[in-house]
Amino acid sequence: MLKKYRRDFVLLNTLTVGIVLMITLSFLGAVVYINEYDDMESVMSMSVRPWNYPGGDQRQEAVEKTDPDIGHPPEEKSWNDPKDSAQSSSESSVSQSSESKENKALKKRRINNNTRYINEDISVYVLSSDRKSFALLSESTIYEGDDELELMRDISVQSERFGSIDKYGIIFYKERSEAGTYKIAITGKWYMTIALLRILLILISAFLISMGLVFLISMHLSRLAARPMENAIGMERQFVRDISHDLKTPVTVILANNSILRSNPDTKLGDNMQWIDSTDSAARDMMNMVSEMLTLSKLENTEVRAEKECVNLSMEAERTVLQLESVAYENRIELASDIEENVQVNAVPEYVKRICSSLIENAVKYEPSGGRVGVSLKIRRKKAVLAVHNKLSFIPKEELEHIFESFYRGDKTRSSKNGHGLGLTIIKRMAELSGADISVESSESEGTVFKVTFELI
């Protein structure tokens, strides 16, 4: 059952986190891709604009103010000068008609000194105003087709400055001068495809790593989440064993006594009193245990809340000490008290009575003959602290961890004293409902001390 619970928890947690993470990473990937596309436009615009483009002097001055080490570009004509544009167009027309493809390729690979931004994945062209000739200004040639002039013309008629043409599989950026010439930058659509694949690879890696971590964390959390259930199941099994043991003994006694009475029907009533008394004692023991179980069940009901009132804790503690003095005297136990007068606390009255009586009664019951039980009530740090000290009674450390659990009794106390192991559980719950804290300390040299800390009025 627990394994299935843990497995379902891990699967549900991993699936939920996976869906949320996938949506988040998909959104992030889309944003990164859009930014990458926008950056591509910026990069291509820088490729087509030399330092000395119209208005570039102001740009150069702004850069020099930021970094004085940057020098001025070489003195030469602007690429969109009409005379230079016409000469470039003329030379391009002659070269296309008379030179071989080898010379044409060499001419295309001339470097324009005006271009200050160079990217090997971007080709930069200039298209004449009559759109009959063009020239390559960059070192690299991205488009390998034979219809470059047609490509330039198609780009020039596009309404957008930046965009793509699926027919050629390229992304372009263009600028038109006042003279009518076009400066065009192109790159392959594969450039963005590679960027997309790179983004996908990063996101997939992040997703797989994150899901691996989520799975490991979920496994650990499932163990933590299942631990209370394991403890509850263990306590339930222990409860069944304990209740079976505690009920079996009185039931066996009652059945045995009845069997004896039936086997001697002619015996006088006075001669059978020992069996009747034994049956009565066993029945009362069962009734007490059932009563405590009902009390604990009532206290565990979260819908039932007892009202706290002003309680004179000094009076309750003194009353309990007086009631048990005779019992302590018979067992040769010294019962001493150090109780401050008129200590008023905010608690549930009936719970305070049960706490005082149970703690002091247990102390007297479990203290060896010749020992000493001390009861003190002091005000410490605006709190009322009720302490019950057994001088010679010692509880091992491994038992202290379970002392307030239902039906728990240490081996020594189980074998030597009567009880059902519900008393301390009930006291702890009553203390909690009264807004008090209960704790226990024990050592061989100092004995055992139960402390209950109440809120003062």
# chains A, B, ... in the order shown; residues from 1 in each chain; ligands from 1
>>> select_by_dssp(residues="segment 228-273 of chain A", states="alpha helix (DSSP H)", output="JSON, numbers by chain")
{"A": [228, 229, 230, 231, 232, 233, 234, 235, 236, 237, 238, 239, 240, 241, 242, 243, 244, 245, 246, 247, 248, 249, 250, 251, 252, 253, 254, 255, 256, 257, 258, 259, 260, 261, 262, 263, 273]}
>>> write_last_selection(atoms="N, CA, C and O atoms", output="short mmCIF file (atom, residue, chain, number, x, y, z; two decimals), in the first residue's frame")
data_model
loop_
_atom_site.label_atom_id
_atom_site.label_comp_id
_atom_site.auth_asym_id
_atom_site.auth_seq_id
_atom_site.Cartn_x
_atom_site.Cartn_y
_atom_site.Cartn_z
N PRO A 228 5.01 9.67 8.11
CA PRO A 228 3.91 9.73 9.08
C PRO A 228 2.91 8.60 8.90
O PRO A 228 2.37 8.08 9.89
N MET A 229 2.66 8.24 7.63
CA MET A 229 1.72 7.15 7.39
C MET A 229 2.29 5.82 7.90
O MET A 229 1.57 5.00 8.48
N GLU A 230 3.60 5.62 7.68
CA GLU A 230 4.23 4.41 8.19
C GLU A 230 4.15 4.36 9.71
O GLU A 230 3.87 3.31 10.29
N ASN A 231 4.41 5.53 10.33
CA ASN A 231 4.31 5.58 11.78
C ASN A 231 2.88 5.32 12.25
O ASN A 231 2.66 4.63 13.25
N ALA A 232 1.91 5.89 11.50
CA ALA A 232 0.51 5.70 11.88
C ALA A 232 0.10 4.24 11.75
O ALA A 232 -0.59 3.69 12.61
N ILE A 233 0.56 3.60 10.66
CA ILE A 233 0.24 2.18 10.48
C ILE A 233 0.90 1.35 11.56
O ILE A 233 0.32 0.40 12.11
N GLY A 234 2.17 1.71 11.88
CA GLY A 234 2.86 0.98 12.94
C GLY A 234 2.16 1.15 14.28
O GLY A 234 2.01 0.18 15.05
N MET A 235 1.71 2.40 14.56
CA MET A 235 0.99 2.65 15.81
C MET A 235 -0.35 1.93 15.83
O MET A 235 -0.80 1.44 16.88
N GLU A 236 -0.99 1.85 14.66
CA GLU A 236 -2.27 1.14 14.60
C GLU A 236 -2.09 -0.35 14.88
O GLU A 236 -2.87 -0.96 15.63
N ARG A 237 -1.03 -0.92 14.29
CA ARG A 237 -0.75 -2.34 14.55
C ARG A 237 -0.40 -2.56 16.02
O ARG A 237 -0.84 -3.54 16.63
N GLN A 238 0.40 -1.63 16.58
CA GLN A 238 0.75 -1.74 18.00
C GLN A 238 -0.49 -1.58 18.87
O GLN A 238 -0.64 -2.27 19.89
N PHE A 239 -1.38 -0.67 18.44
CA PHE A 239 -2.63 -0.47 19.18
C PHE A 239 -3.46 -1.75 19.21
O PHE A 239 -3.98 -2.14 20.26
N VAL A 240 -3.55 -2.40 18.07
CA VAL A 240 -4.34 -3.64 18.01
C VAL A 240 -3.73 -4.70 18.91
O VAL A 240 -4.43 -5.42 19.64
N ARG A 241 -2.38 -4.81 18.89
CA ARG A 241 -1.72 -5.79 19.74
C ARG A 241 -1.94 -5.48 21.22
O ARG A 241 -2.25 -6.36 22.03
N ASP A 242 -1.77 -4.18 21.57
CA ASP A 242 -1.91 -3.80 22.98
C ASP A 242 -3.34 -3.95 23.47
O ASP A 242 -3.57 -4.46 24.58
N ILE A 243 -4.30 -3.48 22.67
CA ILE A 243 -5.68 -3.57 23.11
C ILE A 243 -6.12 -5.03 23.20
O ILE A 243 -6.90 -5.42 24.09
N SER A 244 -5.60 -5.85 22.30
CA SER A 244 -5.92 -7.28 22.35
C SER A 244 -5.36 -7.90 23.62
O SER A 244 -6.03 -8.70 24.30
N HIS A 245 -4.13 -7.51 23.96
CA HIS A 245 -3.50 -8.05 25.17
C HIS A 245 -4.23 -7.58 26.42
O HIS A 245 -4.50 -8.36 27.35
N ASP A 246 -4.55 -6.28 26.46
CA ASP A 246 -5.19 -5.73 27.66
C ASP A 246 -6.62 -6.23 27.84
O ASP A 246 -7.11 -6.31 28.97
N LEU A 247 -7.30 -6.51 26.75
CA LEU A 247 -8.67 -7.02 26.86
C LEU A 247 -8.69 -8.53 27.08
O LEU A 247 -9.62 -9.06 27.71
N LYS A 248 -7.68 -9.19 26.58
CA LYS A 248 -7.67 -10.66 26.68
C LYS A 248 -7.57 -11.11 28.13
O LYS A 248 -8.26 -12.07 28.55
N THR A 249 -6.74 -10.41 28.93
CA THR A 249 -6.54 -10.83 30.33
C THR A 249 -7.82 -10.76 31.15
O THR A 249 -8.22 -11.76 31.77
N PRO A 250 -8.52 -9.61 31.21
CA PRO A 250 -9.76 -9.58 32.01
C PRO A 250 -10.85 -10.48 31.45
O PRO A 250 -11.62 -11.06 32.23
N VAL A 251 -10.92 -10.58 30.14
CA VAL A 251 -11.94 -11.48 29.57
C VAL A 251 -11.66 -12.92 29.97
O VAL A 251 -12.58 -13.69 30.32
N THR A 252 -10.38 -13.30 29.95
CA THR A 252 -10.01 -14.66 30.36
C THR A 252 -10.36 -14.90 31.82
O THR A 252 -10.87 -15.98 32.18
N VAL A 253 -10.09 -13.89 32.66
CA VAL A 253 -10.42 -14.03 34.08
C VAL A 253 -11.93 -14.19 34.28
O VAL A 253 -12.39 -15.05 35.06
N ILE A 254 -12.71 -13.36 33.58
CA ILE A 254 -14.17 -13.43 33.72
C ILE A 254 -14.69 -14.79 33.27
O ILE A 254 -15.53 -15.42 33.94
N LEU A 255 -14.22 -15.27 32.13
CA LEU A 255 -14.67 -16.57 31.63
C LEU A 255 -14.27 -17.70 32.56
O LEU A 255 -15.04 -18.65 32.81
N ALA A 256 -13.04 -17.61 33.10
CA ALA A 256 -12.57 -18.65 34.02
C ALA A 256 -13.40 -18.67 35.30
O ALA A 256 -13.78 -19.75 35.81
N ASN A 257 -13.68 -17.48 35.84
CA ASN A 257 -14.49 -17.40 37.07
C ASN A 257 -15.90 -17.93 36.84
O ASN A 257 -16.47 -18.65 37.68
N ASN A 258 -16.49 -17.56 35.71
CA ASN A 258 -17.84 -18.06 35.40
C ASN A 258 -17.84 -19.58 35.23
O ASN A 258 -18.80 -20.26 35.61
N SER A 259 -16.78 -20.10 34.65
CA SER A 259 -16.69 -21.54 34.47
C SER A 259 -16.63 -22.25 35.82
O SER A 259 -17.27 -23.31 36.01
N ILE A 260 -15.90 -21.67 36.76
CA ILE A 260 -15.81 -22.25 38.11
C ILE A 260 -17.17 -22.21 38.79
O ILE A 260 -17.62 -23.19 39.43
N LEU A 261 -17.87 -21.08 38.64
CA LEU A 261 -19.18 -20.95 39.27
C LEU A 261 -20.18 -21.94 38.67
O LEU A 261 -21.02 -22.51 39.41
N ARG A 262 -20.12 -22.14 37.38
CA ARG A 262 -21.04 -23.09 36.75
C ARG A 262 -20.74 -24.54 37.17
O ARG A 262 -21.64 -25.37 37.24
N SER A 263 -19.48 -24.79 37.38
CA SER A 263 -19.12 -26.18 37.76
C SER A 263 -19.52 -26.51 39.20
O SER A 263 -19.52 -27.68 39.58
N MET A 273 -17.43 -15.88 46.81
CA MET A 273 -17.18 -14.44 46.76
C MET A 273 -15.82 -14.11 46.11
O MET A 273 -15.68 -13.08 45.45
#
>>> residues_around(residues="Leu151 of chain A", least_positions_apart="3", cutoff="10 Å", atoms="only C-alpha atoms", output="PyMOL selection string")
chain A and resi 143+145-148+154-156+165+167-168+170
>>> residues_around(residues="Arg153 of chain A", least_positions_apart="2", cutoff="12 Å", atoms="only C-alpha atoms", output="ChimeraX atom specification")
/A:125-134,147-151,155-158,174,181-184
>>> closest_residue(among="A:Ile355, A:Ile333, A:Leu201, A:Ala195", to="Leu313 of chain A", atoms="only C-alpha atoms")
A:Ile355
>>> residues_around(residues="Tyr329 of chain A", least_positions_apart="4", cutoff="10 Å", atoms="only C-alpha atoms", output="list in words")
Leu324, Glu325, Ile333, Glu334, Leu335, Val364, Ser369 and Gly370 of chain A
>>> atom_distance(atom1="atom CA of Asp8 of chain A", atom2="atom CA of Leu216 of chain A")
14.4 Å
